[in-house]
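Undergrad: Starting off with a structure, shown below.
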Amino acid sequence: MDAENSLGDTVRAAPELAVTLRVNGVHWELNLDARVTLLDALRERLGLTGTKKGCDQGACGACTVLVDGKRVLSCLMLTATCEGRDVLTIEGLSENETLHRVQEAFVRHDGFQCGFCTPGQIMSAVALLSEGRATSDEDIREFMSGNICRCGAYPNIVAAIRDAAGRGGDAGV
Amino acid sequence: MREFEYVQATDVSQAVAAVTGDPATSYLAGGTTQIDLMKDGVLGPDRLIDITRLPLRGITRSDGAIRIGALTTMEELAADLTIMERLPVVREALLLGASTQLRNMATIGGNLLQRTRCRYFRDITCACNKREPGSGCSALEGFHRMHAILGTSEHCIATHGSDLAVALVALDAIVHVRGLNGERAIPLTEFYVVPGDTPQVENVLAHGELITAVEVLLLPEDARSGYLKVRDRVSYEFALVSAAVALVMEDGVIREGRIGLGGVATLPWRAYRAEEVLRGRPAQTDTFQAAAEAALEGATPHRDNAFKVELAKRTVVRALSTTAGEDS
């Protein structure tokens with residue numbers, strides 16, 4: 001029912017929607033407004049603030065997560081469409097205290113400056129390795145181009161990914 | 001974002017009926033344009049029908065053709081073996097568009113229906129005949145360096161942003177559509193319409209008609225094809241100019257040539273006159289230059305995008321010579 005007052009849409013009691021999904025291996029049942037993006041659900045509902053809100057319009061890549069193993073932009077994805085899906089965020093990458101080898105490589109090569117784009121860079125790089133595309137610096141740059149770094153840490157990001165690609169035969173997540 | 005109701009479709013016919021019956025209901029596929037424009041307030045449907053779980057996904061090859069389910073993602077299509085071997089122009093156009101993240105989300109049907117990147121269309125505080133018919137066009141006197149020089153009108157000069165559609169239009173792809181009254185097949189070359197005095201109308205689909213598949217005839221085995229995209233950045237940027245070309249040659253003479261142009265037109269542009277120039281002539285620079293002249297004949301540049309005329313000609317020449325010259 002619409003609230004009849006001058007504020008209109010903003011004070012409506014939005015219909016809630018039940019969504020079940022897995023995030024970093026944990027099963028969640030959420031009730032949320034259909035408008036809530038996966039990015040906002042992760043950050044505001046699940047407290048997983050590692051995934052960053054940069055542009056919020058699909059241009060910067062800071063919100064990159066893996067859904068069913070594929071990298072996507074969580075800011076352009078409605079949570080409702082993730083029913084039954086498996087989501088992996090930066091928080092789910094390490095095993096206990098052991099960093100994922102892409103995380104390690106970013107540390108080793110100083111693949112960041114301010115760090116805001118880093119979770120998106122790392123999730124994208126993890127996917128890049130499983131896609132088998134980290135075969136040359138040129139390909140790394142091309143297939144990482146959806147992740148913007150305004151500090152310009154690109155040379156170290158490329159070095160980190162090159163390094164991670166060379167370590168361990170299995171490029172899986 | 002305006003409030004809306006979300007429905008997950010489980011059946012194609014029901015989805016088509018639901019959208020056709022209500023002008024305020026829209027389909028949701030990959031969402032990379034739809035959600036973005038809803039956030040900006042450009043689109044504000046009452047109801048979204050999520051079609052992503054409908055069985056309209058996957059690629060099948062039959063004799064001499066490939067049929068692409070409308071919900072196949074850009075990444076899935078780019079990875080297809082037939083596309084790699086027989087239609088490199090399609091693979092190149094796909095991989096030069098967007099980013100891997102977006103290509104994992106965006107569907108082929110949605111790619112064809114993507115909305116323009118014109119900043120005035122996307123900014124609801126500006127006049128835009130496409131968004132609000134009759135309100136005027138802010139781009140005509142505004143910032144229009146990226147805008148169209150072919151197929152324009154005094155009401156709209158917005159470009160169509162798809163790379164894939166440029167390749168598919170050059171390949172005479174067929175769009176299969178489902179409506180309330182059954183199916184129909186539309187050549188992609190007849191799918192889009194120039195803005196004229198109704199820029200809000202971008203294609204021949206009626207509200208509720210759903211793209212179910214795209215069919216592409218394979219090029220002859222000895223054909224060559226390629227996509228050249230010229231832009232302000234090396235990657236992850238829309239085209240200033242792009243050219244999709246395909247050539248069938250015999251002893252250095254062009255038997256058949258196809259040319260699609262992107263970034264310069266209000267729709268994915270097929271350069272028929274340039275193709276006529278190519279036919280029967282030797283695959284060499286003066287032929288390509290003559291084709292490029294023909295392709296840009298009648299161009300209507302504005303204050304800031306006149307450079308696109310020359311850039312487009314050079315892009316056509318480069319695309320044709322690269323594609324023709326791989327073994328010479």
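As shown in the structure tokens, the chain order sets the letters A, B, ...; within each chain, residues go from 1, and ligands are also counted from 1 in the order they appear.
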Give one line per residue of chain B that approaches chain A to at most 7 Å, naming the two atoms of the closest pair and their distance in Å to one decimal, counting only C-alpha atoms; sort by chain then ascending residue number and deliver it as CSV.
TA:
residue,atom,partner,partner_atom,distance
B:Glu3,CA,A:Arg35,CA,6.9
B:Phe4,CA,A:Ala34,CA,7.0
B:Glu5,CA,A:Ala34,CA,6.7
B:Tyr6,CA,A:Ala34,CA,6.0
B:Gly31,CA,A:Leu76,CA,6.6
B:Thr32,CA,A:Leu76,CA,5.9
B:Ile35,CA,A:Leu76,CA,5.9
B:Asp36,CA,A:Gln57,CA,5.8
B:Ser99,CA,A:Gly146,CA,4.8
B:Thr100,CA,A:Phe143,CA,6.6
B:Gln101,CA,A:Val72,CA,4.2
B:Leu102,CA,A:Val72,CA,6.4
B:Asn104,CA,A:Val72,CA,6.3
B:Met105,CA,A:Val72,CA,6.5
B:Ser235,CA,A:Ser145,CA,6.2
B:Tyr236,CA,A:Ser145,CA,5.9
Undergrad: Please provide the set of residues having any atom within 8 Å of region 108-118 of chain A, restricted to only C-alpha atoms, with same-chain residues fewer than 5 positions apart removed, written as a count of residues only.
TA: 16
Undergrad: Which residues are close to Val166 (chain B), i.e. within 12 Å by only C-alpha atoms, leaving aside same-chain residues fewer than 3 positions away? Reply as a CSV table (one decimal) with N, CA and C atoms, in the first residue's frame.
TA:
chain,number,residue,atom,x,y,z
B,89,VAL,N,35.5,-12.5,-36.9
B,89,VAL,CA,35.0,-11.1,-36.7
B,89,VAL,C,34.1,-11.0,-35.6
B,90,VAL,N,33.3,-12.1,-35.3
B,90,VAL,CA,32.4,-12.0,-34.2
B,90,VAL,C,33.1,-12.2,-32.9
B,91,ARG,N,34.1,-13.1,-32.8
B,91,ARG,CA,34.9,-13.2,-31.6
B,91,ARG,C,35.6,-11.9,-31.3
B,92,GLU,N,36.2,-11.3,-32.3
B,92,GLU,CA,37.0,-10.1,-32.0
B,92,GLU,C,36.1,-9.0,-31.5
B,93,ALA,N,34.9,-8.9,-32.2
B,93,ALA,CA,34.0,-7.8,-31.8
B,93,ALA,C,33.6,-8.0,-30.3
B,94,LEU,N,33.3,-9.3,-30.0
B,94,LEU,CA,32.9,-9.6,-28.6
B,94,LEU,C,34.0,-9.2,-27.6
B,97,GLY,N,34.8,-5.7,-26.7
B,97,GLY,CA,33.7,-4.9,-26.0
B,97,GLY,C,33.7,-5.1,-24.5
B,111,ASN,N,22.6,-7.6,-25.7
B,111,ASN,CA,23.6,-6.8,-26.3
B,111,ASN,C,23.0,-6.1,-27.6
B,112,LEU,N,22.2,-6.8,-28.3
B,112,LEU,CA,21.6,-6.2,-29.5
B,112,LEU,C,20.6,-5.0,-29.1
B,159,THR,N,24.9,7.4,-30.9
B,159,THR,CA,25.3,6.2,-31.6
B,159,THR,C,24.8,5.0,-30.9
B,160,HIS,N,24.8,3.9,-31.6
B,160,HIS,CA,24.5,2.6,-31.0
B,160,HIS,C,25.8,2.0,-30.5
B,161,GLY,N,25.9,1.5,-29.3
B,161,GLY,CA,27.1,1.1,-28.7
B,161,GLY,C,27.7,-0.2,-28.9
B,162,SER,N,26.9,-1.1,-29.5
B,162,SER,CA,27.3,-2.5,-29.6
B,162,SER,C,28.4,-2.7,-30.7
B,163,ASP,N,29.4,-3.5,-30.3
B,163,ASP,CA,30.4,-4.0,-31.3
B,163,ASP,C,29.9,-5.2,-32.0
B,169,VAL,N,25.6,-7.5,-38.2
B,169,VAL,CA,24.9,-6.8,-39.3
B,169,VAL,C,25.6,-7.1,-40.6
B,170,ALA,N,27.0,-7.1,-40.5
B,170,ALA,CA,27.8,-7.4,-41.7
B,170,ALA,C,27.6,-8.8,-42.2
B,171,LEU,N,27.2,-9.7,-41.3
B,171,LEU,CA,27.1,-11.1,-41.6
B,171,LEU,C,25.7,-11.5,-41.9
B,172,ASP,N,24.8,-10.5,-42.1
B,172,ASP,CA,23.4,-10.8,-42.4
B,172,ASP,C,22.7,-11.8,-41.3
B,173,ALA,N,23.0,-11.5,-40.1
B,173,ALA,CA,22.4,-12.4,-39.0
B,173,ALA,C,20.9,-12.2,-39.0
B,188,LEU,N,18.8,-8.9,-39.3
B,188,LEU,CA,19.3,-7.8,-38.4
B,188,LEU,C,19.5,-6.5,-39.2
B,189,THR,N,19.7,-6.6,-40.5
B,189,THR,CA,19.8,-5.4,-41.3
B,189,THR,C,18.5,-4.6,-41.4
B,192,TYR,N,17.0,-2.7,-36.9
B,192,TYR,CA,17.2,-1.4,-36.3
B,192,TYR,C,16.6,-0.3,-37.2
B,226,GLY,N,37.5,-9.9,-39.9
B,226,GLY,CA,38.1,-9.3,-38.8
B,226,GLY,C,37.4,-8.0,-38.3
B,227,TYR,N,37.7,-7.6,-37.1
B,227,TYR,CA,37.1,-6.4,-36.5
B,227,TYR,C,38.2,-5.5,-36.0
B,228,LEU,N,38.1,-4.2,-36.4
B,228,LEU,CA,39.0,-3.2,-36.0
B,228,LEU,C,38.3,-2.1,-35.2
B,229,LYS,N,38.7,-1.9,-34.0
B,229,LYS,CA,38.1,-0.9,-33.1
B,229,LYS,C,39.1,0.2,-32.8
B,239,ALA,N,33.7,2.5,-29.0
B,239,ALA,CA,34.4,2.9,-30.2
B,239,ALA,C,34.2,4.3,-30.6
B,241,VAL,N,35.4,4.8,-33.8
B,241,VAL,CA,35.0,4.2,-35.1
B,241,VAL,C,35.4,2.7,-35.0
B,242,SER,N,34.6,1.8,-35.6
B,242,SER,CA,35.0,0.5,-35.7
B,242,SER,C,34.5,-0.1,-37.1
B,243,ALA,N,35.2,-1.1,-37.5
B,243,ALA,CA,34.8,-1.7,-38.8
B,243,ALA,C,34.9,-3.2,-38.7
B,244,ALA,N,33.8,-3.9,-39.1
B,244,ALA,CA,33.7,-5.3,-39.2
B,244,ALA,C,33.8,-5.6,-40.7
B,245,VAL,N,34.8,-6.4,-41.1
B,245,VAL,CA,34.9,-6.7,-42.5
B,245,VAL,C,35.0,-8.2,-42.7
B,246,ALA,N,34.5,-8.7,-43.9
B,246,ALA,CA,34.6,-10.1,-44.3
B,246,ALA,C,34.9,-10.1,-45.8
B,258,ARG,N,32.1,-7.7,-47.2
B,258,ARG,CA,31.1,-7.2,-46.3
B,258,ARG,C,31.7,-6.1,-45.4
B,259,ILE,N,31.0,-5.1,-45.1
B,259,ILE,CA,31.5,-4.0,-44.2
B,259,ILE,C,30.4,-3.5,-43.3
B,260,GLY,N,30.7,-3.6,-42.0
B,260,GLY,CA,29.8,-3.0,-41.0
B,260,GLY,C,30.6,-1.9,-40.3
B,261,LEU,N,29.9,-0.8,-39.9
B,261,LEU,CA,30.6,0.3,-39.2
B,261,LEU,C,30.0,0.5,-37.9
B,262,GLY,N,30.8,0.7,-36.9
B,262,GLY,CA,30.4,1.0,-35.5
B,262,GLY,C,30.9,2.3,-35.1
B,263,GLY,N,30.3,2.9,-34.0
B,263,GLY,CA,30.8,4.2,-33.4
B,263,GLY,C,30.5,5.4,-34.3
B,264,VAL,N,30.0,5.2,-35.5
B,264,VAL,CA,29.8,6.4,-36.3
B,264,VAL,C,28.3,6.6,-36.7
B,265,ALA,N,27.5,5.6,-36.4
B,265,ALA,CA,26.1,5.7,-36.9
B,265,ALA,C,25.1,5.5,-35.7
B,266,THR,N,23.9,5.9,-36.0
B,266,THR,CA,22.8,5.8,-35.0
B,266,THR,C,22.3,4.4,-34.9
B,267,LEU,N,22.8,3.5,-35.8
B,267,LEU,CA,22.5,2.1,-35.7
B,267,LEU,C,23.7,1.3,-36.2
B,268,PRO,N,23.8,0.0,-35.9
B,268,PRO,CA,24.9,-0.8,-36.5
B,268,PRO,C,24.8,-0.7,-38.0
B,269,TRP,N,25.8,-0.1,-38.6
B,269,TRP,CA,25.7,0.4,-40.0
B,269,TRP,C,26.3,-0.6,-41.0
B,270,ARG,N,25.5,-0.9,-42.0
B,270,ARG,CA,26.0,-1.7,-43.1
B,270,ARG,C,26.3,-0.9,-44.3
B,271,ALA,N,27.6,-1.0,-44.8
B,271,ALA,CA,28.0,-0.1,-45.9
B,271,ALA,C,27.9,-0.8,-47.2
Undergrad: If we count only C-alpha atoms and set the cut-off at 12 Å, which residues sit around region 9-17 of chain B, ignoring sequence neighbours fewer than 6 positions away in its own chain? Please answer as a PyMOL selection string.
TA: (chain A and resi 81) or (chain B and resi 23+25-29+47-56+177-183+206-212)
Undergrad: Take CA of Ala98 (chain B) and CA of Glu237 (chain B) and report the distance between them in Å, one decimal.
TA: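 Straight-line distance from CA of Ala98 (chain B) to CA of Glu237 (chain B) works out to 6.9 Å.
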Undergrad: Residues near Gln103 (chain A), anyone? I mean within 10 Å using only C-alpha atoms, not counting same-chain ones fewer than 6 positions away, as an MDAnalysis selection string.
TA: chainID A and resid 90 93:94 111 118:119 121:123 125:126 160:161 164
Undergrad: Filtering to N, CA and C atoms, could you give me those residues as a compact mmCIF listing (two decimals), in the first residue's frame?
TA:
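Everything below was put into selection.txt:
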# COMPACT_ATOMS: atom_id res chain seq x y z
N ILE A 90 36.09 -11.46 -1.52
CA ILE A 90 37.48 -11.39 -1.05
C ILE A 90 37.63 -12.03 0.33
N LEU A 93 38.42 -15.88 0.27
CA LEU A 93 39.54 -16.32 -0.56
C LEU A 93 40.63 -17.05 0.23
N SER A 94 40.94 -16.52 1.39
CA SER A 94 42.01 -17.15 2.18
C SER A 94 41.47 -18.36 2.92
N GLY A 111 51.08 -4.48 -4.98
CA GLY A 111 50.14 -4.27 -6.10
C GLY A 111 49.00 -3.34 -5.75
N THR A 118 41.60 -2.84 -4.61
CA THR A 118 42.34 -4.09 -4.48
C THR A 118 41.46 -5.35 -4.38
N PRO A 119 40.41 -5.35 -3.56
CA PRO A 119 39.58 -6.57 -3.52
C PRO A 119 39.03 -6.93 -4.90
N GLN A 121 40.37 -6.03 -7.80
CA GLN A 121 41.51 -6.45 -8.62
C GLN A 121 41.84 -7.92 -8.34
N ILE A 122 41.87 -8.27 -7.06
CA ILE A 122 42.27 -9.63 -6.68
C ILE A 122 41.22 -10.65 -7.14
N MET A 123 39.93 -10.34 -6.93
CA MET A 123 38.90 -11.28 -7.38
C MET A 123 38.95 -11.46 -8.89
N ALA A 125 41.59 -11.05 -10.77
CA ALA A 125 42.82 -11.78 -11.10
C ALA A 125 42.67 -13.28 -10.83
N VAL A 126 41.98 -13.61 -9.74
CA VAL A 126 41.73 -15.02 -9.43
C VAL A 126 40.95 -15.66 -10.58
N ALA A 160 52.28 -8.77 -10.08
CA ALA A 160 51.72 -9.70 -9.09
C ALA A 160 50.98 -10.84 -9.78
N ILE A 161 50.21 -10.50 -10.80
CA ILE A 161 49.42 -11.53 -11.49
C ILE A 161 50.35 -12.46 -12.28
N ALA A 164 51.78 -14.76 -9.73
CA ALA A 164 50.80 -15.75 -9.26
C ALA A 164 50.53 -16.80 -10.33
Undergrad: Write down as a ChimeraX atom specification the residues belonging to region 124-304 of chain B that are assigned helix (DSSP H, G or I) by DSSP computed on the backbone.
TA: /B:138-141,164-170,188-190,272-278,285-296
Undergrad: Would you list, as a VMD selection string, the residues of region 62-292 of chain B that end up in strand (DSSP E) under DSSP run on this structure's backbone?
TA: chain B and resid 62 65 to 69 174 to 179 182 to 187 210 to 217 224 to 230 241 to 250 253 to 262 269 to 270
Undergrad: Name all residues at most 7 Å from Leu278 (chain B) (count only C-alpha atoms; drop same-chain ones fewer than 2 positions away) and give them as a list in words.
TA: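 The residues that qualify are Ile254, Gly257, Ala274, Glu275, Glu276, Gly280, Arg281, Thr287 and Ala291 of chain B.
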Undergrad: What's the 12 Å shell around Gln200 (chain B), counting only C-alpha atoms, without same-chain residues fewer than 5 positions away, as a PyMOL selection string?
TA: chain B and resi 115-116+121+128-137+155-156+158+192-195+266
Undergrad: Would you mind exporting C-alpha atoms of the selected residues as a PDB file, in the first residue's frame?
TA:
ATOM      1  CA  ARG B 115      20.759   1.534 -25.161  1.00  0.00           C
ATOM      2  CA  THR B 116      22.957   4.342 -26.364  1.00  0.00           C
ATOM      3  CA  PHE B 121      20.153  10.196 -22.776  1.00  0.00           C
ATOM      4  CA  CYS B 128      16.661  14.079 -24.977  1.00  0.00           C
ATOM      5  CA  ASN B 129      14.191  13.133 -27.674  1.00  0.00           C
ATOM      6  CA  LYS B 130      15.012   9.469 -27.250  1.00  0.00           C
ATOM      7  CA  ARG B 131      14.227   9.459 -23.539  1.00  0.00           C
ATOM      8  CA  GLU B 132      11.473  12.067 -23.631  1.00  0.00           C
ATOM      9  CA  PRO B 133      10.075  12.596 -27.138  1.00  0.00           C
ATOM     10  CA  GLY B 134       9.721  16.247 -28.072  1.00  0.00           C
ATOM     11  CA  SER B 135      12.044  17.553 -25.329  1.00  0.00           C
ATOM     12  CA  GLY B 136      14.870  18.370 -27.739  1.00  0.00           C
ATOM     13  CA  CYS B 137      18.407  17.074 -28.232  1.00  0.00           C
ATOM     14  CA  HIS B 155      16.271  15.058 -33.456  1.00  0.00           C
ATOM     15  CA  CYS B 156      19.002  12.595 -32.482  1.00  0.00           C
ATOM     16  CA  ALA B 158      23.267   9.202 -30.545  1.00  0.00           C
ATOM     17  CA  TYR B 192      17.171  -1.358 -36.296  1.00  0.00           C
ATOM     18  CA  VAL B 193      15.592   1.888 -37.460  1.00  0.00           C
ATOM     19  CA  VAL B 194      17.195   5.300 -37.910  1.00  0.00           C
ATOM     20  CA  PRO B 195      15.957   7.937 -35.454  1.00  0.00           C
ATOM     21  CA  THR B 266      22.780   5.795 -35.045  1.00  0.00           C
TER      22      THR B 266
END
Undergrad: Mind pulling up the distance from CA of Ser321 (chain B) to CA of Pro301 (chain B)?
TA: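 It comes out at 25.7 Å.
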